[in-house]
>>> print(open('input.tsv').read())   # TSV, C-alpha atoms
chain	number	residue	atom	x	y	z
A	1	MET	CA	-7.09	-5.08	20.86
A	2	LYS	CA	-6.34	-6.19	17.33
A	3	LYS	CA	-8.73	-5.28	14.58
A	4	VAL	CA	-10.89	-7.96	13.01
A	5	TYR	CA	-11.27	-7.85	9.23
A	6	LEU	CA	-13.98	-9.15	6.93
A	7	GLN	CA	-13.49	-10.33	3.36
A	8	ARG	CA	-15.32	-7.91	1.06
A	9	TYR	CA	-13.80	-8.66	-2.36
A	10	SER	CA	-12.03	-11.68	-3.83
A	11	ASP	CA	-8.75	-11.45	-5.73
A	12	ASN	CA	-10.54	-11.93	-9.05
A	13	GLN	CA	-12.97	-9.12	-8.28
A	14	ARG	CA	-10.19	-6.72	-7.35
A	15	ILE	CA	-8.04	-7.60	-10.37
A	16	THR	CA	-10.99	-7.10	-12.71
A	17	HIS	CA	-11.80	-3.76	-11.07
A	18	TRP	CA	-8.25	-2.42	-11.47
A	19	LEU	CA	-8.03	-3.61	-15.07
A	20	VAL	CA	-11.22	-1.65	-15.77
A	21	VAL	CA	-9.67	1.39	-14.07
A	22	VAL	CA	-6.50	1.20	-16.19
A	23	LEU	CA	-8.31	0.67	-19.49
A	24	PHE	CA	-10.89	3.33	-18.65
A	25	GLY	CA	-8.06	5.79	-18.06
A	26	MET	CA	-6.43	4.87	-21.36
A	27	ALA	CA	-9.74	5.16	-23.23
A	28	GLY	CA	-10.56	8.44	-21.52
A	29	PHE	CA	-7.25	10.18	-22.18
A	30	SER	CA	-7.01	8.95	-25.76
A	31	GLY	CA	-10.57	10.18	-26.31
A	32	LEU	CA	-9.80	13.58	-24.78
A	33	ALA	CA	-6.79	13.86	-27.08
A	34	LEU	CA	-9.14	13.69	-30.06
A	35	PHE	CA	-11.96	15.71	-28.52
A	36	HIS	CA	-10.48	19.22	-28.43
A	37	PRO	CA	-7.39	20.90	-30.00
A	38	ASN	CA	-6.19	22.10	-26.58
A	39	LEU	CA	-5.92	18.48	-25.49
A	40	PHE	CA	-4.18	17.29	-28.64
A	41	PHE	CA	-0.86	17.04	-26.78
A	42	LEU	CA	-2.19	13.90	-25.09
A	43	THR	CA	-1.78	12.01	-28.38
A	44	GLN	CA	1.97	11.84	-27.76
A	45	PHE	CA	1.34	9.35	-24.97
A	46	PHE	CA	-0.22	6.96	-27.49
A	47	GLY	CA	2.37	7.21	-30.23
A	48	GLY	CA	0.89	10.19	-32.08
A	49	PRO	CA	-2.51	11.24	-33.42
A	50	GLN	CA	-2.96	8.30	-35.77
A	51	TRP	CA	-2.23	5.73	-33.12
A	52	ALA	CA	-4.46	7.54	-30.61
A	53	ARG	CA	-7.32	7.35	-33.11
A	54	ILE	CA	-6.64	3.66	-33.77
A	55	VAL	CA	-6.27	2.43	-30.19
A	56	HIS	CA	-9.06	4.48	-28.59
A	57	PRO	CA	-11.97	2.24	-29.70
A	58	TYR	CA	-10.06	-0.90	-28.70
A	59	PHE	CA	-9.50	0.52	-25.23
A	60	GLY	CA	-13.23	1.22	-25.10
A	61	ILE	CA	-14.14	-2.33	-26.09
A	62	GLY	CA	-11.73	-3.63	-23.47
A	63	VAL	CA	-13.43	-1.52	-20.80
A	64	PHE	CA	-16.86	-2.77	-21.88
A	65	LEU	CA	-15.89	-6.45	-21.85
A	66	LEU	CA	-14.18	-6.26	-18.47
A	67	PHE	CA	-17.04	-4.26	-17.00
A	68	LEU	CA	-19.41	-6.91	-18.34
A	69	ILE	CA	-17.55	-9.42	-16.14
A	70	MET	CA	-17.88	-7.02	-13.20
A	71	PHE	CA	-21.57	-6.62	-13.97
A	72	VAL	CA	-22.11	-10.35	-13.62
A	73	MET	CA	-20.11	-10.35	-10.39
A	74	PHE	CA	-21.94	-7.49	-8.70
A	75	VAL	CA	-25.39	-7.07	-10.27
A	76	GLY	CA	-27.11	-9.18	-7.61
A	77	ALA	CA	-25.93	-6.90	-4.81
A	78	ASN	CA	-26.88	-3.77	-6.78
A	79	LEU	CA	-30.54	-4.51	-7.41
A	80	TRP	CA	-32.70	-1.62	-6.24
A	81	ARG	CA	-34.80	-2.13	-3.12
A	82	ARG	CA	-37.39	-0.08	-1.29
A	83	SER	CA	-34.89	0.62	1.49
A	84	ASP	CA	-32.59	2.29	-1.05
A	85	THR	CA	-35.23	4.92	-1.75
A	86	GLN	CA	-35.45	5.62	1.98
A	87	TRP	CA	-31.66	5.89	2.14
A	88	LEU	CA	-31.69	8.54	-0.61
A	89	LYS	CA	-34.31	10.54	1.27
A	90	SER	CA	-31.99	10.61	4.29
A	91	THR	CA	-28.87	11.76	2.41
A	92	PRO	CA	-29.21	15.50	3.26
A	93	SER	CA	-28.29	14.69	6.86
A	94	LEU	CA	-25.27	12.74	5.68
A	95	VAL	CA	-24.03	15.28	3.12
A	96	LEU	CA	-24.84	18.56	4.89
A	97	ASP	CA	-24.42	17.58	8.54
A	98	ASN	CA	-22.09	14.58	8.17
A	99	ASP	CA	-24.54	12.79	10.45
A	100	GLU	CA	-24.63	9.09	9.62
A	101	SER	CA	-26.75	8.16	12.62
A	102	LYS	CA	-29.98	9.02	10.77
A	103	MET	CA	-29.18	6.80	7.78
A	104	PRO	CA	-31.10	3.51	7.56
A	105	PRO	CA	-28.96	0.33	7.70
A	106	VAL	CA	-27.86	-1.00	4.31
A	107	GLY	CA	-26.50	-4.21	2.84
A	108	LYS	CA	-23.30	-4.57	0.83
A	109	TYR	CA	-24.00	-1.40	-1.15
A	110	ASN	CA	-25.96	1.73	-0.32
A	111	ALA	CA	-28.19	3.58	-2.79
A	112	GLY	CA	-25.41	5.95	-3.82
A	113	GLN	CA	-23.12	3.09	-4.73
A	114	LYS	CA	-25.92	1.40	-6.66
A	115	LEU	CA	-26.55	4.59	-8.63
A	116	VAL	CA	-22.85	4.67	-9.55
A	117	PHE	CA	-23.05	1.05	-10.71
A	118	TRP	CA	-26.11	1.58	-12.90
A	119	SER	CA	-24.86	4.91	-14.23
A	120	MET	CA	-21.62	3.24	-15.32
A	121	THR	CA	-23.57	0.41	-16.92
A	122	LEU	CA	-25.86	2.74	-18.90
A	123	CYS	CA	-23.02	5.01	-19.99
A	124	LEU	CA	-20.94	2.09	-21.25
A	125	LEU	CA	-23.87	0.78	-23.27
A	126	VAL	CA	-24.33	4.21	-24.87
A	127	LEU	CA	-20.59	4.55	-25.50
A	128	LEU	CA	-20.42	1.14	-27.19
A	129	CYS	CA	-23.49	1.62	-29.39
A	130	THR	CA	-22.62	5.16	-30.46
A	131	GLY	CA	-18.92	4.48	-30.87
A	132	VAL	CA	-19.57	1.68	-33.34
A	133	LEU	CA	-21.59	4.05	-35.54
A	134	PHE	CA	-18.60	6.28	-36.33
A	135	TRP	CA	-15.76	3.78	-35.93
A	136	GLN	CA	-13.55	4.24	-38.98
A	137	PRO	CA	-12.85	2.28	-41.09
A	138	TRP	CA	-15.00	-0.63	-39.85
A	139	PHE	CA	-18.50	0.82	-39.75
A	140	GLY	CA	-18.33	4.58	-40.34
A	141	GLU	CA	-18.60	4.40	-44.13
A	142	THR	CA	-21.96	2.61	-43.95
A	143	VAL	CA	-23.58	5.05	-41.50
A	144	PRO	CA	-25.11	8.34	-42.75
A	145	ILE	CA	-23.27	11.49	-41.69
A	146	PRO	CA	-26.24	12.97	-39.75
A	147	VAL	CA	-26.49	9.76	-37.73
A	148	GLN	CA	-22.76	9.87	-37.04
A	149	ARG	CA	-23.03	13.44	-35.79
A	150	VAL	CA	-25.76	12.51	-33.33
A	151	ALA	CA	-23.73	9.48	-32.28
A	152	VAL	CA	-20.66	11.65	-31.63
A	153	LEU	CA	-22.74	14.00	-29.47
A	154	LEU	CA	-24.28	11.19	-27.44
A	155	HIS	CA	-20.87	9.52	-27.15
A	156	SER	CA	-19.38	12.71	-25.72
A	157	VAL	CA	-22.24	13.21	-23.25
A	158	ALA	CA	-22.01	9.61	-22.03
A	159	ALA	CA	-18.23	9.91	-21.65
A	160	PHE	CA	-18.65	13.12	-19.62
A	161	VAL	CA	-21.31	11.58	-17.34
A	162	MET	CA	-19.23	8.45	-16.84
A	163	SER	CA	-16.12	10.49	-16.01
A	164	LEU	CA	-18.08	12.61	-13.54
A	165	THR	CA	-19.49	9.45	-11.97
A	166	ALA	CA	-15.97	8.04	-11.66
A	167	VAL	CA	-14.83	11.21	-9.89
A	168	VAL	CA	-17.72	10.93	-7.41
A	169	HIS	CA	-16.88	7.25	-6.89
A	170	ILE	CA	-13.21	8.02	-6.18
A	171	TYR	CA	-14.05	10.94	-3.88
A	172	ALA	CA	-16.48	8.83	-1.86
A	173	ALA	CA	-13.91	6.05	-1.51
A	174	ILE	CA	-11.37	8.53	-0.14
A	175	TRP	CA	-13.89	10.43	1.98
A	176	VAL	CA	-15.13	7.34	3.84
A	177	LYS	CA	-12.06	6.26	5.79
A	178	GLY	CA	-11.22	2.57	5.44
A	179	THR	CA	-12.97	2.10	2.10
A	180	LEU	CA	-9.87	2.03	-0.11
A	181	ARG	CA	-8.60	-1.01	1.77
A	182	ALA	CA	-11.48	-3.03	0.29
A	183	MET	CA	-10.14	-2.68	-3.26
A	184	THR	CA	-6.46	-2.76	-2.39
A	185	GLN	CA	-6.42	-5.63	0.10
A	186	GLY	CA	-9.90	-7.10	-0.24
A	187	THR	CA	-10.86	-6.68	3.42
A	188	VAL	CA	-12.50	-4.11	5.67
A	189	SER	CA	-12.53	-3.79	9.42
A	190	SER	CA	-15.52	-5.10	11.33
A	191	GLY	CA	-15.99	-1.60	12.75
A	192	TRP	CA	-16.17	-0.13	9.25
A	193	ALA	CA	-18.69	-2.77	8.21
A	194	LYS	CA	-20.92	-2.21	11.24
A	195	ARG	CA	-20.88	1.55	10.78
A	196	HIS	CA	-21.46	1.76	7.02
A	197	HIS	CA	-23.03	-1.55	5.98
A	198	LEU	CA	-24.70	-3.01	9.05
A	199	LEU	CA	-26.97	-5.47	7.23
A	200	TRP	CA	-24.03	-6.84	5.22
A	201	TYR	CA	-22.00	-7.16	8.43
A	202	ARG	CA	-24.77	-9.17	10.07
A	203	GLU	CA	-25.02	-11.36	6.97
A	204	LYS	CA	-21.28	-12.09	7.06
A	205	VAL	CA	-21.41	-12.90	10.77
A	206	GLN	CA	-24.33	-15.26	10.19
A	207	GLN	CA	-22.55	-16.98	7.31
A	208	ALA	CA	-19.46	-17.48	9.45
A	209	SER	CA	-21.55	-18.81	12.31
A	210	ASP	CA	-23.32	-21.29	10.01
A	211	SER	CA	-20.14	-22.49	8.29
A	212	THR	CA	-17.70	-22.98	11.16
A	213	PRO	CA	-17.76	-22.62	14.94
A	214	ASN	CA	-14.54	-20.56	15.06
A	215	GLY	CA	-15.63	-17.71	12.77
A	216	ALA	CA	-13.78	-18.52	9.58
A	217	ASP	CA	-14.70	-17.27	6.12
A	218	GLY	CA	-12.97	-13.95	6.64
A	219	ILE	CA	-14.49	-13.11	10.03
A	220	GLY	CA	-12.77	-13.31	13.35
A	221	GLN	CA	-9.31	-13.04	11.77
A	222	PRO	CA	-7.24	-10.54	13.80
A	223	ARG	CA	-4.42	-8.78	11.91
>>> encode(input="input.tsv", output="structure tokens")
Amino acid sequence: MKKVYLQRYSDNQRITHWLVVVLFGMAGFSGLALFHPNLFFLTQFFGGPQWARIVHPYFGIGVFLLFLIMFVMFVGANLWRRSDTQWLKSTPSLVLDNDESKMPPVGKYNAGQKLVFWSMTLCLLVLLCTGVLFWQPWFGETVPIPVQRVAVLLHSVAAFVMSLTAVVHIYAAIWVKGTLRAMTQGTVSSGWAKRHHLLWYREKVQQASDSTPNGADGIGQPR
């Protein structure tokens, strides 16, 4: 029997996501190159220390603007609900016992994915606001040195938290088999959807049933 796939992400959503990934990597590595002497060798990938210092804030702004587009795309599905709190309370069974049967059904995103979304959002806001305060030569000269020092500290903490969140996000995508397909091809199998996002699966089936009698709109398409 051929697998049936459901449309999870549009082309625009996937392109925006991967552009954020690329720019985030560029911003992260250029920032690390300036963060510690042992990582100074990374500046060679950006044309030297001066160019690394120049391009880093522009990479950061690029990440923020593209993520802002993603925020508009996905914020509706990431609003916190009472069921998400219940899902978090059930996570010990999932993490320690790898037992997904005790997890309550979820929609397009579970509570863990929503926490990643909001953590990324908060960290980017902190990175933007603090980065502006010590961005030379545009704003740094008008900001007192003590304020800049606090801004640098908060900037570093936000960058660390965001990087750690990204690692968790990547690990989870690899750990849950079939998830990577969503952001590489835009579809997931119906079996994957029923197992991990039952409420979203039912919603997609209902939408297909309401729109066409033959199950279009990304459902009922064997591949």
>>> closest_residue(input="input.tsv", among="A:Phe160, A:Glu203, A:Trp51, A:Gly178", to="Gly191 (chain A)", atoms="all atoms listed in the file")
A:Gly178
>>> residues_around(input="input.tsv", residues="region 87-98 of chain A", least_positions_apart="4", cutoff="12 Å", atoms="all atoms listed in the file", output="list in words")
Trp80, Arg81, Arg82, Ser83, Lys102, Met103, Pro104, Pro105, Val106, Gly107, Tyr109, Asn110, Ala111, Gly112, Gln113, Lys114, Leu115, Ala172, Trp175, Val176 and His196 of chain A
>>> axis_aligned_box(input="input.tsv", around="region 201-208 of chain A", padding_each_side="5 Å", output="JSON")
{"center_x": -22.2, "center_y": -12.3, "center_z": 8.9, "size_x": 15.6, "size_y": 20.3, "size_z": 13.8}
>>> residues_around(input="input.tsv", residues="region 143-154 of chain A", least_positions_apart="3", cutoff="7 Å", atoms="all atoms listed in the file", output="list of chain:residue names")
A:Thr130, A:Leu133, A:Phe134, A:Phe139, A:Gly140, A:Val157, A:Ala158
>>> atom_distance(input="input.tsv", atom1="CA of His197 (chain A)", atom2="CA of His17 (chain A)")
20.5 Å
>>> atom_distance(input="input.tsv", atom1="CA of Ile61 (chain A)", atom2="CA of Tyr9 (chain A)")
24.6 Å
>>> atom_distance(input="input.tsv", atom1="CA of Thr121 (chain A)", atom2="CA of Phe45 (chain A)")
27.7 Å
>>> closest_residue(input="input.tsv", among="A:Gln206, A:Ser30, A:Thr184, A:Gln7", to="Phe46 (chain A)", atoms="all atoms listed in the file")
A:Ser30
>>> closest_residue(input="input.tsv", among="A:Ile54, A:Leu19, A:Leu6, A:Met183", to="Leu34 (chain A)", atoms="only C-alpha atoms")
A:Ile54
>>> closest_residue(input="input.tsv", among="A:Val116, A:Val132, A:Leu198, A:Val126", to="Leu164 (chain A)", atoms="only C-alpha atoms")
A:Val116
>>> closest_residue(input="input.tsv", among="A:Val22, A:Leu180, A:Trp118, A:Gly131", to="Val161 (chain A)", atoms="only C-alpha atoms")
A:Trp118
>>> closest_residue(input="input.tsv", among="A:Leu128, A:Ala159, A:Val4, A:Val55", to="Trp192 (chain A)", atoms="all atoms listed in the file")
A:Val4
